[in-house]
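See below for input.txt, which holds compact mmCIF, C-alpha atoms.
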# COMPACT_ATOMS: atom_id res chain seq x y z
CA GLY P 1 -16.55 -17.79 -12.11
CA ALA P 2 -14.31 -17.94 -15.15
CA GLU P 3 -16.75 -16.02 -17.36
CA ALA P 4 -17.00 -13.15 -14.87
CA ALA P 5 -13.21 -13.02 -14.53
CA ALA P 6 -12.81 -12.91 -18.31
CA ALA P 7 -15.41 -10.13 -18.60
CA ALA P 8 -13.71 -8.07 -15.89
CA TYR P 9 -10.30 -8.68 -17.43
CA GLY P 10 -11.52 -7.29 -20.75
CA LEU P 11 -12.69 -3.92 -19.41
CA PRO P 12 -10.98 -0.78 -20.80
CA GLY P 13 -9.48 0.11 -17.42
CA MET P 14 -7.94 -3.35 -17.12
CA LYS P 15 -6.31 -2.88 -20.51
CA LEU P 16 -4.70 0.35 -19.28
CA LEU P 17 -3.57 -1.45 -16.14
CA ARG P 18 -1.82 -4.11 -18.21
CA GLU P 19 -0.08 -1.38 -20.19
CA LEU P 20 1.58 0.14 -17.12
CA PRO P 21 5.38 -0.10 -17.48
CA ARG P 22 6.95 -3.03 -15.67
CA SER P 23 8.65 -1.97 -12.47
CA MET P 24 12.27 -2.84 -11.77
CA LEU P 25 12.45 -1.53 -8.21
CA GLY P 26 13.71 -4.82 -6.87
CA GLY P 27 16.49 -5.12 -9.41
CA LYS P 28 14.69 -7.95 -11.18
CA ALA P 29 11.95 -8.15 -13.77
CA ASN P 30 9.43 -9.87 -11.57
CA PHE P 31 8.68 -11.77 -8.38
CA LYS P 32 6.67 -14.97 -8.53
CA SER P 33 4.43 -14.00 -5.61
CA CYS P 34 3.90 -10.74 -3.74
CA ALA P 35 1.96 -9.92 -0.58
CA ILE P 36 0.75 -6.33 -0.36
CA VAL P 37 -0.04 -5.64 3.28
CA GLY P 38 -2.12 -2.63 4.26
CA ASN P 39 -2.81 -1.43 7.78
CA ALA P 40 -6.55 -2.11 8.09
CA GLY P 41 -7.95 -2.84 11.53
CA HIS P 42 -9.47 -6.17 10.50
CA LEU P 43 -5.96 -7.70 10.42
CA ALA P 44 -6.06 -7.69 14.24
CA LYS P 45 -8.75 -10.39 14.07
CA GLY P 46 -6.62 -12.89 12.15
CA ALA P 47 -3.28 -14.65 12.07
CA TYR P 48 -2.04 -13.91 8.57
CA GLY P 49 1.64 -13.55 9.43
CA ALA P 50 2.91 -16.96 8.33
CA ALA P 51 1.04 -16.81 5.01
CA ILE P 52 2.31 -13.29 4.32
CA ASP P 53 5.93 -14.18 5.05
CA ARG P 54 5.85 -17.11 2.59
CA HIS P 55 5.59 -14.74 -0.39
CA ASP P 56 8.66 -13.96 -2.48
CA ALA P 57 8.24 -10.25 -1.80
CA VAL P 58 6.26 -8.33 0.82
CA MET P 59 5.24 -4.68 0.48
CA ARG P 60 4.08 -2.60 3.46
CA PHE P 61 3.05 1.00 4.01
CA ASN P 62 4.22 3.89 6.17
CA VAL P 63 5.52 3.06 9.65
CA LEU P 64 3.07 0.84 11.54
CA SER P 65 4.81 -1.74 13.77
CA ILE P 66 5.20 -5.36 12.67
CA GLY P 67 6.99 -6.61 15.78
CA GLY P 68 5.82 -8.18 19.02
CA ALA P 69 2.15 -9.15 19.11
CA HIS P 70 1.65 -7.77 15.60
CA ALA P 71 3.93 -10.36 13.99
CA LYS P 72 1.30 -13.11 14.22
CA MET P 73 -1.24 -10.82 12.56
CA VAL P 74 0.87 -9.35 9.77
CA GLY P 75 4.20 -11.20 9.64
CA ARG P 76 7.73 -9.87 9.87
CA LYS P 77 9.09 -9.99 6.34
CA THR P 78 9.41 -6.69 4.46
CA ASP P 79 11.03 -6.09 1.10
CA PHE P 80 9.37 -2.81 0.13
CA ARG P 81 7.96 -0.04 2.29
CA VAL P 82 5.89 2.69 0.60
CA LEU P 83 5.97 6.03 2.41
CA ASN P 84 3.56 8.92 2.04
CA HIS P 85 4.76 12.51 2.36
CA LEU P 86 4.46 12.80 6.14
CA ARG P 87 6.07 9.42 6.81
CA SER P 88 8.85 10.24 4.36
CA LEU P 89 9.57 13.30 6.49
CA HIS P 90 9.44 11.29 9.71
CA GLY P 91 11.60 8.49 8.39
CA CYS P 92 14.20 10.53 6.57
CA CYS P 93 14.50 14.20 7.48
CA LYS P 94 16.97 15.06 10.21
CA VAL P 95 15.04 18.22 11.08
CA LEU P 96 12.38 15.95 12.60
CA HIS P 97 14.81 13.63 14.36
CA ASP P 98 14.06 14.53 17.96
CA GLU P 99 12.47 12.45 20.69
CA LYS P 100 9.01 13.96 20.27
CA GLN P 101 8.65 13.73 16.51
CA THR P 102 10.84 10.97 15.18
CA ILE P 103 9.09 7.80 14.01
CA LYS P 104 11.59 5.06 13.25
CA LEU P 105 10.98 2.63 10.45
CA PRO P 106 10.08 -0.84 11.80
CA GLU P 107 12.99 -2.33 9.83
CA ARG P 108 15.47 0.20 11.22
CA SER P 109 18.24 -2.39 11.52
CA ARG P 110 18.11 -2.94 7.75
CA THR P 111 18.55 0.75 6.96
CA LYS P 112 22.10 0.84 8.34
CA ARG P 113 25.05 0.18 6.07
CA LYS P 114 26.22 -3.42 6.46
CA LYS P 115 28.09 -5.95 4.38
CA GLY P 116 26.34 -9.24 3.73
CA GLY P 117 23.23 -10.29 5.62
CA LYS P 118 19.69 -9.66 4.45
CA GLU P 119 18.69 -7.83 1.32
CA PRO P 120 18.44 -4.09 2.00
CA LEU P 121 15.04 -2.62 2.69
CA LYS P 122 13.64 -0.77 -0.32
CA LEU P 123 11.83 2.50 0.36
CA ILE P 124 9.38 3.82 -2.24
CA LEU P 125 8.42 7.50 -2.15
CA TRP P 126 5.45 8.60 -4.22
CA HIS P 127 4.68 12.16 -3.16
CA PRO P 128 5.99 14.54 -5.86
CA GLY P 129 6.77 17.42 -3.48
CA GLN P 130 10.53 18.04 -3.18
CA GLN P 131 11.07 14.48 -4.34
CA ARG P 132 14.76 14.81 -5.23
CA ASN P 133 15.60 16.41 -1.88
CA MET P 134 13.54 13.82 -0.04
CA MET P 135 15.38 10.96 -1.73
CA ALA P 136 18.71 12.48 -0.77
CA GLU P 137 17.60 12.84 2.86
CA CYS P 138 16.32 9.26 2.95
CA ARG P 139 19.63 7.97 1.64
CA ARG P 140 21.58 9.98 4.18
CA SER P 141 19.38 8.90 7.09
CA ASN P 142 19.08 5.27 5.96
CA PRO P 143 22.39 4.46 4.24
CA GLY P 144 21.72 0.72 4.14
CA ALA P 145 18.36 1.05 2.39
CA ARG P 146 17.68 1.46 -1.31
CA VAL P 147 15.49 4.46 -2.04
CA PHE P 148 13.23 4.83 -5.07
CA ALA P 149 10.77 7.52 -6.10
CA LEU P 150 7.86 7.15 -8.49
CA ALA P 151 8.34 9.54 -11.40
CA MET P 152 5.54 12.03 -12.06
CA SER P 153 5.02 10.55 -15.53
CA TYR P 154 4.49 7.12 -13.95
CA ILE P 155 2.12 8.52 -11.31
CA GLN P 156 0.09 10.15 -14.08
CA LYS P 157 -0.22 6.76 -15.79
CA GLN P 158 -1.47 5.26 -12.50
CA VAL P 159 -4.02 8.07 -12.20
CA ARG P 160 -5.29 7.36 -15.71
CA VAL P 161 -5.69 3.71 -14.79
CA ILE P 162 -7.80 4.33 -11.70
CA LYS P 163 -9.94 6.90 -13.51
CA ALA P 164 -10.65 4.33 -16.22
CA LEU P 165 -11.41 1.60 -13.67
CA ARG P 166 -13.80 3.92 -11.82
CA MET P 167 -15.52 4.64 -15.12
CA ASP P 168 -15.80 0.89 -15.77
CA LEU P 169 -17.40 0.44 -12.36
CA MET P 170 -19.92 3.23 -12.96
CA THR P 171 -20.77 1.70 -16.34
CA LEU P 172 -21.50 -1.53 -14.45
CA GLY P 173 -23.84 0.34 -12.10
CA PHE P 174 -21.58 1.01 -9.11
CA GLY P 175 -21.05 4.41 -7.52
CA PRO P 176 -21.37 7.33 -7.54
CA PHE P 177 -17.93 7.85 -6.04
CA THR P 178 -16.68 10.87 -4.15
CA SER P 179 -14.11 13.35 -5.45
CA TRP P 180 -10.44 12.84 -4.67
CA LYS P 181 -7.13 14.68 -5.02
CA GLN P 182 -4.53 11.93 -4.72
CA LEU P 183 -4.25 8.18 -4.84
CA THR P 184 -3.61 6.54 -1.50
CA SER P 185 -0.22 5.00 -0.75
CA GLY P 186 -1.96 1.64 -1.09
CA ALA P 187 -3.09 2.41 -4.63
CA HIS P 188 0.42 3.49 -5.64
CA GLY P 189 1.77 0.29 -4.13
CA ILE P 190 -0.73 -2.00 -5.85
CA PHE P 191 -0.27 -0.43 -9.28
CA THR P 192 3.51 -0.56 -8.87
CA ALA P 193 3.37 -4.22 -7.82
CA VAL P 194 1.26 -5.11 -10.87
CA GLY P 195 4.35 -4.38 -12.93
CA MET P 196 6.72 -6.60 -10.98
CA CYS P 197 4.67 -9.48 -9.52
CA ASP P 198 3.30 -12.55 -11.29
CA SER P 199 0.67 -12.99 -8.57
CA ILE P 200 -0.52 -10.59 -5.88
CA SER P 201 -2.16 -11.37 -2.54
CA LEU P 202 -3.83 -8.41 -0.84
CA TYR P 203 -4.04 -8.19 2.95
CA GLY P 204 -5.23 -5.38 5.18
CA PHE P 205 -7.09 -3.27 2.63
CA THR P 206 -10.70 -2.17 2.82
CA SER P 207 -12.21 -4.03 -0.10
CA PHE P 208 -15.21 -6.27 0.51
CA PRO P 209 -17.53 -5.45 3.42
CA PRO P 210 -16.63 -7.44 6.55
CA PRO P 211 -18.85 -10.42 7.38
CA LYS P 212 -21.67 -9.64 9.79
CA PRO P 213 -21.10 -11.04 13.29
CA LYS P 214 -23.19 -14.01 14.32
CA PRO P 215 -25.88 -13.32 16.95
CA SER P 216 -23.92 -15.39 19.46
CA GLU P 217 -20.83 -13.20 18.99
CA GLY P 218 -22.43 -10.03 20.29
CA SER P 219 -21.39 -6.54 19.23
CA GLY P 220 -17.81 -6.47 20.46
CA GLU P 221 -16.33 -4.04 22.95
CA ALA P 222 -19.25 -2.11 24.38
CA GLY P 223 -20.48 -1.08 20.95
CA LYS P 224 -17.18 0.50 19.90
CA ALA P 225 -16.56 1.01 16.19
CA PRO P 226 -13.82 -1.27 14.83
CA SER P 227 -10.33 0.20 14.66
CA ASP P 228 -9.28 1.82 11.41
CA GLN P 229 -5.78 0.33 11.74
CA TYR P 230 -4.52 -2.85 13.38
CA GLY P 231 -2.24 -0.71 15.54
CA GLY P 232 -5.32 0.71 17.26
CA ARG P 233 -6.05 3.98 15.44
CA ARG P 234 -9.80 4.46 15.68
CA LYS P 235 -10.44 6.56 12.57
CA LYS P 236 -8.77 8.34 9.67
CA GLY P 237 -7.66 11.95 10.03
CA ASN P 238 -9.48 14.74 8.23
CA ASP P 239 -6.70 15.17 5.67
CA ALA P 240 -6.90 11.51 4.69
CA VAL P 241 -10.64 11.80 4.11
CA ILE P 242 -10.32 15.03 2.11
CA TRP P 243 -7.47 13.91 -0.15
CA HIS P 244 -8.43 10.30 -0.90
CA ASP P 245 -11.51 8.34 -2.01
CA TRP P 246 -11.16 5.25 0.16
CA ASN P 247 -14.56 3.84 -0.78
CA GLY P 248 -13.98 4.28 -4.51
CA GLU P 249 -10.62 2.54 -4.28
CA SER P 250 -12.20 -0.35 -2.37
CA TYR P 251 -14.46 -1.02 -5.36
CA VAL P 252 -11.42 -0.98 -7.65
CA TRP P 253 -9.76 -3.66 -5.50
CA ARG P 254 -12.92 -5.76 -5.79
CA LEU P 255 -12.77 -5.39 -9.56
CA LEU P 256 -9.13 -6.48 -9.67
CA HIS P 257 -10.06 -9.46 -7.50
CA ALA P 258 -12.94 -10.35 -9.84
CA SER P 259 -10.59 -10.20 -12.82
CA ALA P 260 -8.13 -12.57 -11.09
CA LYS P 261 -5.45 -9.87 -11.35
CA MET P 262 -4.96 -10.19 -7.60
CA THR P 263 -6.53 -12.04 -4.69
CA VAL P 264 -8.09 -10.29 -1.69
CA CYS P 265 -7.03 -12.45 1.26
CA SER P 266 -8.46 -10.59 4.27
CA VAL P 267 -11.69 -8.71 5.02

Rewritten as structure tokens:
Amino acid sequence: GAEAAAAAYGLPGMKLLRELPRSMLGGKANFKSCAIVGNAGHLAKGAYGAAIDRHDAVMRFNVLSIGGAHAKMVGRKTDFRVLNHLRSLHGCCKVLHDEKQTIKLPERSRTKRKKGGKEPLKLILWHPGQQRNMMAECRRSNPGARVFALAMSYIQKQVRVIKALRMDLMTLGFGPFTSWKQLTSGAHGIFTAVGMCDSISLYGFTSFPPPKPKPSEGSGEAGKAPSDQYGGRRKKGNDAVIWHDWNGESYVWRLLHASAKMTVCSV
């Protein structure tokens, strides 16, 4: 209710979140509505595409397909695509551009230099390693796209925010949370969007536990665990588990939802 939202909004971590510098990655101070679309497997159960595409700006992550059968699930519109270190290499570095290793960006047609037409795709790189060189490679490989990198000083501010929000959650009795080394691409995207979106709708993130199936629905495909991504990946790689605290971040997204800072639209 309103009282719970006001209480969540007043937490110390939320104050730090509001103090994050406003982002100007889109060339404008803010968008009225933004959809932030993760890659969670539960998106395969729904038809969120039309709702996602109605937002003023849509942010996606890494290189998972949005075409074909996926369009009904996740839509087609993309304004921003946040790339982690590996996907930055795949999408930008010519040394990896061979048939076995190259992974083309889903919006490849919008990364070629053209006059007129749609707004250029905007790529956001967050990994600090060789960031200047990576930006140069991305611009050479994708001359029609606009390429941005999150400055280390800005990333450090984002880290302070999530540490404070985790502390707020533990004060409220949640946790304990596991150790972590880096924010996920999703966390970087959400915190960046907070500074450029009046309202945020979150799709395809692990946040609230999924609803339990009804007895009549059975247990799905021969007892298989649900996919980790809507593209069919069954589980996260070891590196992803070691470097990130997915469960801890999911509680942070619940807190932002409770504070009315953003709305979780899929589970």

- prompt: Which residues come within 9 Å of Arg81 of chain P, counting only C-alpha atoms, excluding same-chain residues fewer than 2 positions away, as a PyMOL selection string?
  reply: chain P and resi 58-63+78-79+83+121-125+189

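The spacing separating atom CA of Ala260 of chain P from atom CA of Ser179 of chain P amounts to 27.2 Å.
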
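Take the candidates P:His42, P:His244, P:Lys15, P:Lys32 and check each one against Pro226 of chain P using all atoms listed in the file; the shortest distance goes to P:His42.
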
query: Smallest atom-to-atom distance to Ser266 of chain P: which of P:Phe177, P:Phe31, P:Tyr203, P:Tyr154, using all atoms listed in the file?
result: P:Tyr203

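In this structure, atom CA of Thr206 of chain P sits 13.1 Å away from atom CA of Thr263 of chain P.
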